[in-house]
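Participant: Here it is, the structure, as C-alpha cells.
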Amino acid sequence: MEISLSDRVAIVTGGGTGLGRSFARALGDAGAAVVVTGRRQEPLDETVAELEGNGAKALAVTCDARSREDVEAAVAAASEWGGAVDILVNNAAIYPPMPLLNVTEEQWLDVMDTNLNGPFRFAQVCAHLMVTKGWGRIVNILSPSALLGFQMVSAYGTSKGGLASMTRQLAAELGPLGITVNSLVPGVTPTDTFVGLFTQIGVDLMSKGVPAGRACTEDDATAALVLLASDAGAYITGTTICVDGGMSSVFPMGT
C-alpha cells in the first residue's frame with residue numbers, strides 16, 4: 001500500500017533537530033506540508049531548507065511549548081499558511097538527566113511543563129481545528145522510560161509516562177470526532193543529543209542488550225509515524241507503538 005499525505009498539513013514540535021527533523025522530513029517526503037516549531041530559529045530554518053531541497057513545502061515557527069500564547073500563535077500561523085492543521089506530532093521535550101535526590105522542584109516542573117503540558121496545549125488547540133474537518137492525527141512521541149524504570153531520568157520518564165496516559169484519554173474523547181491519538185516509542189536512537197549524553201559506547205552497549213541487537217534507525221521510527229499520520233492508520237487509536245527492537249517487552253538475557 002502506498003501511503004500519501006498530499007493535501008495534509010502537519011505540525012512537528014521540536015522539529016529543528018534529531019528525530020524531530022527526521023519526522024518532519026518523512027512527512028514531507030510523503031507529501032505533507034510541514035510546519036516545524038521549536039525555541040531556536042536557526043535549527044528550524046535548517047530543517048525547512050532541507051525539506052524544501054527535497055521538494056516539500058515547509059515553514060518554521062518559533063514557539064515555546066510552555067506558553068499557551070506561543071502555542072496558539074504557532075497553530076494559527078500554521079493554519080493560515082497551510083489552510084488547515086491535519087497532523088500533530090508532539091515531539092518537543094527536554095531531557096536533563098540527574099539523580100532524583102538532586103532534582104530541584106523548579107527543574108521537575110519545567111520538565112513537566114515542556115514534556116506533558118506542552119503536548120496538551122498543542123493537542124487541544126489543534127483538535128479545535130481538526131474537528132471542523134472531522135479528520136485529524138495526533139502522535140505523541142514517548143521514550144522507553146515511559147514504560148520502564150531508568151536511573152537518572154525520574155522527571156523525564158514521569159513526564160513521558162503521563163503523556164502515554166494522556167494519549168488514551170484524548171483518544172477516547174476525540175475518536176468519535178474523527179481524530180486518532182496514538183503514542184510512538186522509538187528505541188535507543190543515536191541522535192546528536194543522545195550520543196552527547198551517553199557517548200557512542202553507551203549507545204552501542206544499550207543497543208546490544210535489546211533483542212533486535214541494534215539501535216533504532218531513522219527509517220525504523222519514521223515508517224511507523226507515517227502510518228499513524230495517514231488514512232492507513234485510521235483504525236489505530238489510543239495505543240502505544242514501540243519501535244524499540246523489543247527493549248520494552250523482552251527481558252535481556254545477555255549473550
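Every chain in the C-alpha cells has a letter given in the order shown (A, B, ...), and although residue numbers restart at 1 in each chain, ligands are simply numbered from 1 in the order shown.
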Neighbouring residues of A:Leu27 were defined as those with any atom within 10 Å, considering only C-alpha atoms; residues of the same chain fewer than 3 positions away were excluded. Please report them as number ranges by chain.
Facilitator: A: 4-6, 8-12, 21-24, 30-34, 51, 56, 87, 222-223, 225-226, 229-230
Participant: Within 10 Å of A:Ser145, counting only C-alpha atoms, which residues qualify if same-chain residues fewer than 5 places away don't, as a VMD selection string?
Facilitator: chain A and resid 150 to 151 153 to 154 156 to 161 185 187 248
Participant: Take the residues that were just selected and, keeping N, CA and C atoms, output them as a PDB file, in the first residue's frame.
Facilitator:
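Printed below is selection_38.pdb as written:
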ATOM      1  N   PHE A 150      14.245   3.782  34.706  1.00  0.00           N
ATOM      2  CA  PHE A 150      15.651   4.023  34.401  1.00  0.00           C
ATOM      3  C   PHE A 150      16.224   4.958  35.461  1.00  0.00           C
ATOM      4  N   GLN A 151      17.475   4.815  35.735  1.00  0.00           N
ATOM      5  CA  GLN A 151      18.145   5.742  36.627  1.00  0.00           C
ATOM      6  C   GLN A 151      18.403   7.068  35.917  1.00  0.00           C
ATOM      7  N   VAL A 153      16.614   9.651  35.196  1.00  0.00           N
ATOM      8  CA  VAL A 153      15.623  10.348  34.356  1.00  0.00           C
ATOM      9  C   VAL A 153      14.247  10.351  35.015  1.00  0.00           C
ATOM     10  N   SER A 154      14.204  10.567  36.326  1.00  0.00           N
ATOM     11  CA  SER A 154      12.921  10.493  37.032  1.00  0.00           C
ATOM     12  C   SER A 154      11.912  11.489  36.481  1.00  0.00           C
ATOM     13  N   TYR A 156      11.963  13.145  33.459  1.00  0.00           N
ATOM     14  CA  TYR A 156      11.696  12.867  32.043  1.00  0.00           C
ATOM     15  C   TYR A 156      10.802  11.643  31.881  1.00  0.00           C
ATOM     16  N   GLY A 157      11.167  10.539  32.543  1.00  0.00           N
ATOM     17  CA  GLY A 157      10.375   9.325  32.424  1.00  0.00           C
ATOM     18  C   GLY A 157       8.960   9.504  32.936  1.00  0.00           C
ATOM     19  N   THR A 158       8.805  10.243  34.024  1.00  0.00           N
ATOM     20  CA  THR A 158       7.463  10.505  34.559  1.00  0.00           C
ATOM     21  C   THR A 158       6.643  11.340  33.591  1.00  0.00           C
ATOM     22  N   SER A 159       7.260  12.327  32.978  1.00  0.00           N
ATOM     23  CA  SER A 159       6.531  13.164  32.015  1.00  0.00           C
ATOM     24  C   SER A 159       6.075  12.348  30.820  1.00  0.00           C
ATOM     25  N   LYS A 160       6.918  11.433  30.375  1.00  0.00           N
ATOM     26  CA  LYS A 160       6.552  10.613  29.217  1.00  0.00           C
ATOM     27  C   LYS A 160       5.504   9.569  29.583  1.00  0.00           C
ATOM     28  N   GLY A 161       5.561   9.068  30.822  1.00  0.00           N
ATOM     29  CA  GLY A 161       4.505   8.165  31.278  1.00  0.00           C
ATOM     30  C   GLY A 161       3.166   8.868  31.338  1.00  0.00           C
ATOM     31  N   VAL A 185       6.933   5.040  20.453  1.00  0.00           N
ATOM     32  CA  VAL A 185       8.114   4.901  21.311  1.00  0.00           C
ATOM     33  C   VAL A 185       9.310   4.471  20.474  1.00  0.00           C
ATOM     34  N   GLY A 187      13.123   3.438  20.037  1.00  0.00           N
ATOM     35  CA  GLY A 187      14.084   2.863  20.959  1.00  0.00           C
ATOM     36  C   GLY A 187      15.351   3.691  21.050  1.00  0.00           C
ATOM     37  N   SER A 248      11.266  -2.755  25.408  1.00  0.00           N
ATOM     38  CA  SER A 248      10.283  -2.588  26.462  1.00  0.00           C
ATOM     39  C   SER A 248       9.427  -3.817  26.721  1.00  0.00           C
TER      40      SER A 248
END
Participant: Running DSSP on the backbone, which parts of stretch 50-218 of chain A land in strand (DSSP E or B), as a short mmCIF file (atom, residue, chain, number, x, y, z; two decimals) with N, CA and C atoms, in the first residue's frame?
Facilitator:
data_model
loop_
_atom_site.label_atom_id
_atom_site.label_comp_id
_atom_site.auth_asym_id
_atom_site.auth_seq_id
_atom_site.Cartn_x
_atom_site.Cartn_y
_atom_site.Cartn_z
N ALA A 58 7.45 23.76 3.44
CA ALA A 58 7.76 23.77 4.87
C ALA A 58 7.79 25.20 5.41
N LEU A 59 7.54 25.31 6.72
CA LEU A 59 7.53 26.59 7.41
C LEU A 59 8.11 26.43 8.80
N ALA A 60 8.93 27.39 9.22
CA ALA A 60 9.50 27.39 10.57
C ALA A 60 8.78 28.43 11.42
N VAL A 61 8.37 28.03 12.63
CA VAL A 61 7.71 28.94 13.57
C VAL A 61 8.33 28.75 14.95
N THR A 62 8.95 29.78 15.48
CA THR A 62 9.50 29.67 16.84
C THR A 62 8.34 29.63 17.84
N ILE A 87 -2.33 17.12 11.03
CA ILE A 87 -1.46 16.18 11.74
C ILE A 87 -0.64 16.94 12.76
N LEU A 88 -0.60 16.42 13.97
CA LEU A 88 0.24 17.00 15.02
C LEU A 88 1.18 15.92 15.55
N VAL A 89 2.47 16.20 15.54
CA VAL A 89 3.46 15.31 16.13
C VAL A 89 4.06 16.03 17.34
N ASN A 90 3.68 15.58 18.53
CA ASN A 90 4.19 16.17 19.77
C ASN A 90 5.54 15.53 20.11
N MET A 98 19.68 13.57 35.74
CA MET A 98 20.31 13.79 37.05
C MET A 98 19.68 12.86 38.08
N GLY A 136 -8.28 14.02 11.78
CA GLY A 136 -7.07 14.52 12.42
C GLY A 136 -6.23 13.37 12.94
N ARG A 137 -4.93 13.64 13.05
CA ARG A 137 -4.00 12.64 13.58
C ARG A 137 -3.10 13.33 14.60
N ILE A 138 -3.06 12.81 15.81
CA ILE A 138 -2.16 13.31 16.84
C ILE A 138 -1.26 12.16 17.25
N VAL A 139 0.05 12.38 17.17
CA VAL A 139 1.02 11.36 17.55
C VAL A 139 1.94 11.94 18.61
N ASN A 140 1.94 11.32 19.78
CA ASN A 140 2.78 11.76 20.89
C ASN A 140 4.03 10.90 20.94
N ILE A 141 5.20 11.53 20.93
CA ILE A 141 6.46 10.80 20.92
C ILE A 141 6.89 10.53 22.36
N VAL A 153 16.61 9.65 35.20
CA VAL A 153 15.62 10.35 34.36
C VAL A 153 14.25 10.35 35.02
N ILE A 179 -10.73 11.95 14.98
CA ILE A 179 -9.33 12.21 15.28
C ILE A 179 -8.73 11.02 16.01
N THR A 180 -7.64 10.47 15.47
CA THR A 180 -6.93 9.40 16.17
C THR A 180 -5.80 10.01 16.99
N VAL A 181 -5.51 9.37 18.12
CA VAL A 181 -4.43 9.81 19.01
C VAL A 181 -3.64 8.59 19.43
N ASN A 182 -2.35 8.58 19.12
CA ASN A 182 -1.50 7.45 19.43
C ASN A 182 -0.16 7.91 19.97
N SER A 183 0.55 6.98 20.59
CA SER A 183 1.90 7.23 21.06
C SER A 183 2.88 6.38 20.27
N LEU A 184 4.05 6.93 20.04
CA LEU A 184 5.13 6.21 19.35
C LEU A 184 6.36 6.22 20.25
N VAL A 185 6.93 5.04 20.45
CA VAL A 185 8.11 4.90 21.31
C VAL A 185 9.31 4.47 20.47
N PRO A 186 10.14 5.41 20.03
CA PRO A 186 11.40 4.99 19.38
C PRO A 186 12.34 4.42 20.43
#
Participant: Stretch 41-198 of chain A: which residues are helix (DSSP H, G or I) by DSSP, as a tab-separated table (two decimals) with N, CA and C atoms, in the first residue's frame?
Facilitator:
chain	number	residue	atom	x	y	z
A	41	GLN	N	15.42	29.49	16.35
A	41	GLN	CA	15.09	29.70	14.95
A	41	GLN	C	16.07	29.00	14.00
A	42	GLU	N	17.36	29.05	14.31
A	42	GLU	CA	18.36	28.55	13.36
A	42	GLU	C	18.16	27.09	12.97
A	43	PRO	N	18.03	26.16	13.94
A	43	PRO	CA	17.82	24.77	13.52
A	43	PRO	C	16.50	24.56	12.79
A	44	LEU	N	15.49	25.34	13.13
A	44	LEU	CA	14.22	25.24	12.39
A	44	LEU	C	14.42	25.63	10.93
A	45	ASP	N	15.17	26.71	10.71
A	45	ASP	CA	15.45	27.15	9.35
A	45	ASP	C	16.23	26.10	8.58
A	46	GLU	N	17.14	25.41	9.27
A	46	GLU	CA	17.90	24.35	8.61
A	46	GLU	C	16.99	23.20	8.20
A	47	THR	N	16.04	22.86	9.06
A	47	THR	CA	15.08	21.81	8.71
A	47	THR	C	14.25	22.21	7.50
A	48	VAL	N	13.77	23.45	7.49
A	48	VAL	CA	12.96	23.94	6.37
A	48	VAL	C	13.77	23.90	5.08
A	49	ALA	N	15.02	24.33	5.14
A	49	ALA	CA	15.86	24.31	3.94
A	49	ALA	C	16.03	22.89	3.41
A	50	GLU	N	16.22	21.94	4.32
A	50	GLU	CA	16.36	20.55	3.90
A	50	GLU	C	15.08	20.03	3.26
A	51	LEU	N	13.94	20.32	3.89
A	51	LEU	CA	12.67	19.84	3.34
A	51	LEU	C	12.39	20.48	1.98
A	52	GLU	N	12.62	21.77	1.88
A	52	GLU	CA	12.39	22.44	0.60
A	52	GLU	C	13.34	21.93	-0.47
A	53	GLY	N	14.56	21.58	-0.07
A	53	GLY	CA	15.50	21.00	-1.01
A	53	GLY	C	15.04	19.65	-1.55
A	68	ARG	N	1.06	29.12	26.55
A	68	ARG	CA	-0.20	28.96	25.82
A	68	ARG	C	-0.30	29.96	24.67
A	69	GLU	N	0.14	31.18	24.92
A	69	GLU	CA	0.09	32.22	23.89
A	69	GLU	C	0.95	31.83	22.69
A	70	ASP	N	2.15	31.30	22.95
A	70	ASP	CA	3.02	30.87	21.86
A	70	ASP	C	2.38	29.73	21.06
A	71	VAL	N	1.81	28.77	21.77
A	71	VAL	CA	1.20	27.62	21.10
A	71	VAL	C	0.03	28.07	20.21
A	72	GLU	N	-0.83	28.90	20.75
A	72	GLU	CA	-1.96	29.38	19.96
A	72	GLU	C	-1.49	30.15	18.73
A	73	ALA	N	-0.44	30.97	18.91
A	73	ALA	CA	0.08	31.74	17.78
A	73	ALA	C	0.70	30.82	16.73
A	74	ALA	N	1.41	29.79	17.16
A	74	ALA	CA	2.04	28.86	16.22
A	74	ALA	C	1.01	28.08	15.42
A	75	VAL	N	-0.03	27.60	16.09
A	75	VAL	CA	-1.07	26.85	15.39
A	75	VAL	C	-1.83	27.76	14.44
A	76	ALA	N	-2.09	29.00	14.85
A	76	ALA	CA	-2.75	29.96	13.96
A	76	ALA	C	-1.91	30.24	12.73
A	77	ALA	N	-0.59	30.37	12.92
A	77	ALA	CA	0.30	30.62	11.78
A	77	ALA	C	0.31	29.43	10.83
A	78	ALA	N	0.31	28.21	11.39
A	78	ALA	CA	0.30	27.01	10.56
A	78	ALA	C	-0.99	26.91	9.77
A	79	SER	N	-2.12	27.21	10.43
A	79	SER	CA	-3.41	27.13	9.76
A	79	SER	C	-3.53	28.17	8.66
A	80	GLU	N	-3.08	29.37	8.95
A	80	GLU	CA	-3.14	30.43	7.95
A	80	GLU	C	-2.25	30.12	6.75
A	81	TRP	N	-1.07	29.56	7.02
A	81	TRP	CA	-0.12	29.23	5.97
A	81	TRP	C	-0.60	28.06	5.12
A	82	GLY	N	-1.09	27.01	5.79
A	82	GLY	CA	-1.43	25.79	5.06
A	82	GLY	C	-2.91	25.61	4.78
A	100	LEU	N	17.65	11.53	41.22
A	100	LEU	CA	16.42	12.01	41.83
A	100	LEU	C	16.69	12.94	43.02
A	101	LEU	N	17.67	12.58	43.85
A	101	LEU	CA	17.93	13.36	45.06
A	101	LEU	C	18.48	14.76	44.75
A	102	ASN	N	18.90	14.98	43.52
A	102	ASN	CA	19.44	16.29	43.14
A	102	ASN	C	18.47	17.14	42.33
A	105	GLU	N	12.74	21.31	42.55
A	105	GLU	CA	11.33	21.42	42.17
A	105	GLU	C	11.17	22.24	40.90
A	106	GLU	N	11.99	23.26	40.75
A	106	GLU	CA	11.92	24.08	39.54
A	106	GLU	C	12.24	23.26	38.30
A	107	GLN	N	13.27	22.41	38.38
A	107	GLN	CA	13.62	21.56	37.23
A	107	GLN	C	12.51	20.56	36.94
A	108	TRP	N	11.97	19.95	37.98
A	108	TRP	CA	10.89	18.97	37.81
A	108	TRP	C	9.69	19.63	37.10
A	109	LEU	N	9.29	20.78	37.55
A	109	LEU	CA	8.13	21.45	36.98
A	109	LEU	C	8.40	21.91	35.55
A	110	ASP	N	9.64	22.30	35.27
A	110	ASP	CA	9.98	22.73	33.91
A	110	ASP	C	9.88	21.57	32.93
A	111	VAL	N	10.34	20.38	33.36
A	111	VAL	CA	10.21	19.19	32.52
A	111	VAL	C	8.74	18.86	32.28
A	112	MET	N	7.93	18.90	33.32
A	112	MET	CA	6.50	18.59	33.17
A	112	MET	C	5.81	19.61	32.26
A	113	ASP	N	6.17	20.88	32.42
A	113	ASP	CA	5.51	21.90	31.62
A	113	ASP	C	5.86	21.77	30.14
A	114	THR	N	7.10	21.38	29.87
A	114	THR	CA	7.53	21.22	28.48
A	114	THR	C	7.03	19.91	27.88
A	115	ASN	N	7.25	18.81	28.58
A	115	ASN	CA	7.04	17.48	28.01
A	115	ASN	C	5.62	16.95	28.11
A	116	LEU	N	4.84	17.48	29.07
A	116	LEU	CA	3.47	16.99	29.26
A	116	LEU	C	2.45	18.09	29.02
A	117	ASN	N	2.62	19.23	29.65
A	117	ASN	CA	1.66	20.32	29.44
A	117	ASN	C	1.76	20.89	28.03
A	118	GLY	N	2.97	20.94	27.47
A	118	GLY	CA	3.14	21.42	26.11
A	118	GLY	C	2.34	20.60	25.10
A	119	PRO	N	2.47	19.26	25.09
A	119	PRO	CA	1.64	18.45	24.21
A	119	PRO	C	0.14	18.62	24.44
A	120	PHE	N	-0.26	18.79	25.71
A	120	PHE	CA	-1.68	19.07	25.98
A	120	PHE	C	-2.12	20.34	25.27
A	121	ARG	N	-1.32	21.41	25.41
A	121	ARG	CA	-1.69	22.68	24.79
A	121	ARG	C	-1.81	22.53	23.27
A	122	PHE	N	-0.80	21.92	22.66
A	122	PHE	CA	-0.83	21.76	21.21
A	122	PHE	C	-2.01	20.88	20.78
A	123	ALA	N	-2.24	19.78	21.50
A	123	ALA	CA	-3.32	18.87	21.13
A	123	ALA	C	-4.68	19.56	21.24
A	124	GLN	N	-4.89	20.30	22.31
A	124	GLN	CA	-6.18	20.95	22.49
A	124	GLN	C	-6.44	22.00	21.42
A	125	VAL	N	-5.42	22.82	21.15
A	125	VAL	CA	-5.60	23.89	20.16
A	125	VAL	C	-5.78	23.29	18.76
A	126	CYS	N	-4.97	22.29	18.42
A	126	CYS	CA	-5.09	21.67	17.10
A	126	CYS	C	-6.41	20.92	16.94
A	127	ALA	N	-6.86	20.26	18.02
A	127	ALA	CA	-8.10	19.48	17.94
A	127	ALA	C	-9.30	20.37	17.61
A	128	HIS	N	-9.28	21.60	18.10
A	128	HIS	CA	-10.37	22.51	17.77
A	128	HIS	C	-10.47	22.73	16.26
A	129	LEU	N	-9.34	22.71	15.58
A	129	LEU	CA	-9.34	22.87	14.13
A	129	LEU	C	-9.67	21.56	13.42
A	130	MET	N	-9.15	20.46	13.95
A	130	MET	CA	-9.37	19.16	13.31
A	130	MET	C	-10.84	18.75	13.31
A	131	VAL	N	-11.56	19.08	14.37
A	131	VAL	CA	-12.95	18.66	14.45
A	131	VAL	C	-13.81	19.33	13.39
A	132	THR	N	-13.38	20.48	12.90
A	132	THR	CA	-14.17	21.15	11.86
A	132	THR	C	-14.12	20.37	10.54
A	133	LYS	N	-13.06	19.55	10.36
A	133	LYS	CA	-12.95	18.72	9.16
A	133	LYS	C	-13.37	17.29	9.41
A	144	PRO	N	11.28	4.81	25.89
A	144	PRO	CA	11.19	3.60	26.72
A	144	PRO	C	11.04	3.92	28.20
A	145	SER	N	11.52	5.09	28.65
A	145	SER	CA	11.40	5.45	30.06
A	145	SER	C	9.96	5.75	30.45
A	146	ALA	N	9.05	5.85	29.48
A	146	ALA	CA	7.62	5.98	29.80
A	146	ALA	C	7.06	4.65	30.30
A	154	SER	N	14.20	10.57	36.33
A	154	SER	CA	12.92	10.49	37.03
A	154	SER	C	11.91	11.49	36.48
A	155	ALA	N	12.32	12.72	36.23
A	155	ALA	CA	11.39	13.73	35.72
A	155	ALA	C	10.99	13.43	34.28
A	156	TYR	N	11.96	13.15	33.46
A	156	TYR	CA	11.70	12.87	32.04
A	156	TYR	C	10.80	11.64	31.88
A	157	GLY	N	11.17	10.54	32.54
A	157	GLY	CA	10.38	9.32	32.42
A	157	GLY	C	8.96	9.50	32.94
A	158	THR	N	8.80	10.24	34.02
A	158	THR	CA	7.46	10.51	34.56
A	158	THR	C	6.64	11.34	33.59
A	159	SER	N	7.26	12.33	32.98
A	159	SER	CA	6.53	13.16	32.02
A	159	SER	C	6.08	12.35	30.82
A	160	LYS	N	6.92	11.43	30.38
A	160	LYS	CA	6.55	10.61	29.22
A	160	LYS	C	5.50	9.57	29.58
A	161	GLY	N	5.56	9.07	30.82
A	161	GLY	CA	4.50	8.17	31.28
A	161	GLY	C	3.17	8.87	31.34
A	162	GLY	N	3.17	10.12	31.80
A	162	GLY	CA	1.95	10.90	31.80
A	162	GLY	C	1.42	11.15	30.40
A	163	LEU	N	2.34	11.35	29.46
A	163	LEU	CA	1.93	11.57	28.07
A	163	LEU	C	1.31	10.31	27.47
A	164	ALA	N	1.81	9.14	27.87
A	164	ALA	CA	1.21	7.89	27.42
A	164	ALA	C	-0.24	7.78	27.90
A	165	SER	N	-0.47	8.16	29.16
A	165	SER	CA	-1.83	8.14	29.69
A	165	SER	C	-2.71	9.17	28.98
A	166	MET	N	-2.17	10.35	28.73
A	166	MET	CA	-2.94	11.38	28.05
A	166	MET	C	-3.35	10.92	26.66
A	167	THR	N	-2.49	10.15	26.00
A	167	THR	CA	-2.84	9.60	24.70
A	167	THR	C	-4.15	8.83	24.76
A	168	ARG	N	-4.29	7.99	25.76
A	168	ARG	CA	-5.50	7.16	25.88
A	168	ARG	C	-6.73	8.01	26.18
A	169	GLN	N	-6.57	9.00	27.04
A	169	GLN	CA	-7.71	9.86	27.38
A	169	GLN	C	-8.18	10.66	26.16
A	170	LEU	N	-7.23	11.22	25.42
A	170	LEU	CA	-7.60	12.02	24.25
A	170	LEU	C	-8.21	11.14	23.17
A	171	ALA	N	-7.69	9.92	23.02
A	171	ALA	CA	-8.25	9.01	22.02
A	171	ALA	C	-9.71	8.71	22.31
A	172	ALA	N	-10.03	8.53	23.59
A	172	ALA	CA	-11.41	8.23	23.98
A	172	ALA	C	-12.35	9.38	23.62
A	173	GLU	N	-11.89	10.61	23.85
A	173	GLU	CA	-12.74	11.77	23.60
A	173	GLU	C	-12.80	12.17	22.13
A	174	LEU	N	-11.66	12.05	21.45
A	174	LEU	CA	-11.59	12.59	20.09
A	174	LEU	C	-11.90	11.57	19.00
A	175	GLY	N	-11.88	10.29	19.34
A	175	GLY	CA	-12.18	9.26	18.35
A	175	GLY	C	-13.51	9.45	17.65
A	176	PRO	N	-14.60	9.70	18.40
A	176	PRO	CA	-15.89	9.90	17.74
A	176	PRO	C	-15.94	11.14	16.84
A	177	LEU	N	-14.93	12.01	16.96
A	177	LEU	CA	-14.88	13.23	16.16
A	177	LEU	C	-13.97	13.09	14.95
A	192	ASP	N	22.29	13.25	17.90
A	192	ASP	CA	23.41	14.00	18.45
A	192	ASP	C	23.24	14.23	19.95
A	193	THR	N	22.00	14.54	20.37
A	193	THR	CA	21.75	14.78	21.79
A	193	THR	C	21.97	13.52	22.61
A	194	PHE	N	21.46	12.40	22.13
A	194	PHE	CA	21.57	11.15	22.87
A	194	PHE	C	23.03	10.71	22.98
A	195	VAL	N	23.75	10.80	21.88
A	195	VAL	CA	25.17	10.43	21.90
A	195	VAL	C	25.95	11.38	22.79
A	196	GLY	N	25.58	12.67	22.76
A	196	GLY	CA	26.25	13.64	23.61
A	196	GLY	C	26.10	13.33	25.08
A	197	LEU	N	24.95	12.77	25.46
A	197	LEU	CA	24.71	12.44	26.86
A	197	LEU	C	25.34	11.11	27.27
A	198	PHE	N	25.25	10.11	26.40
A	198	PHE	CA	25.62	8.76	26.79
A	198	PHE	C	26.85	8.21	26.07
Participant: Give me, as a count of residues only, all polymer residues having an atom no more than 10 Å from A:Val250, counting only C-alpha atoms and skipping those fewer than 5 positions away in the same chain.
Facilitator: 3
Participant: To one decimal in Å, tell me the separation between atom CA of A:Met247 and atom CA of A:Gly15.
Facilitator: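 Straight-line distance from atom CA of A:Met247 to atom CA of A:Gly15 works out to 25.2 Å.
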Participant: Restricting the calculation to only C-alpha atoms: of A:Ser67, A:Arg39, A:Ala93, A:Gly178, which residue gets closest to A:Thr237?
Facilitator: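 Checking each candidate against A:Thr237, we get A:Gly178 as the closest.
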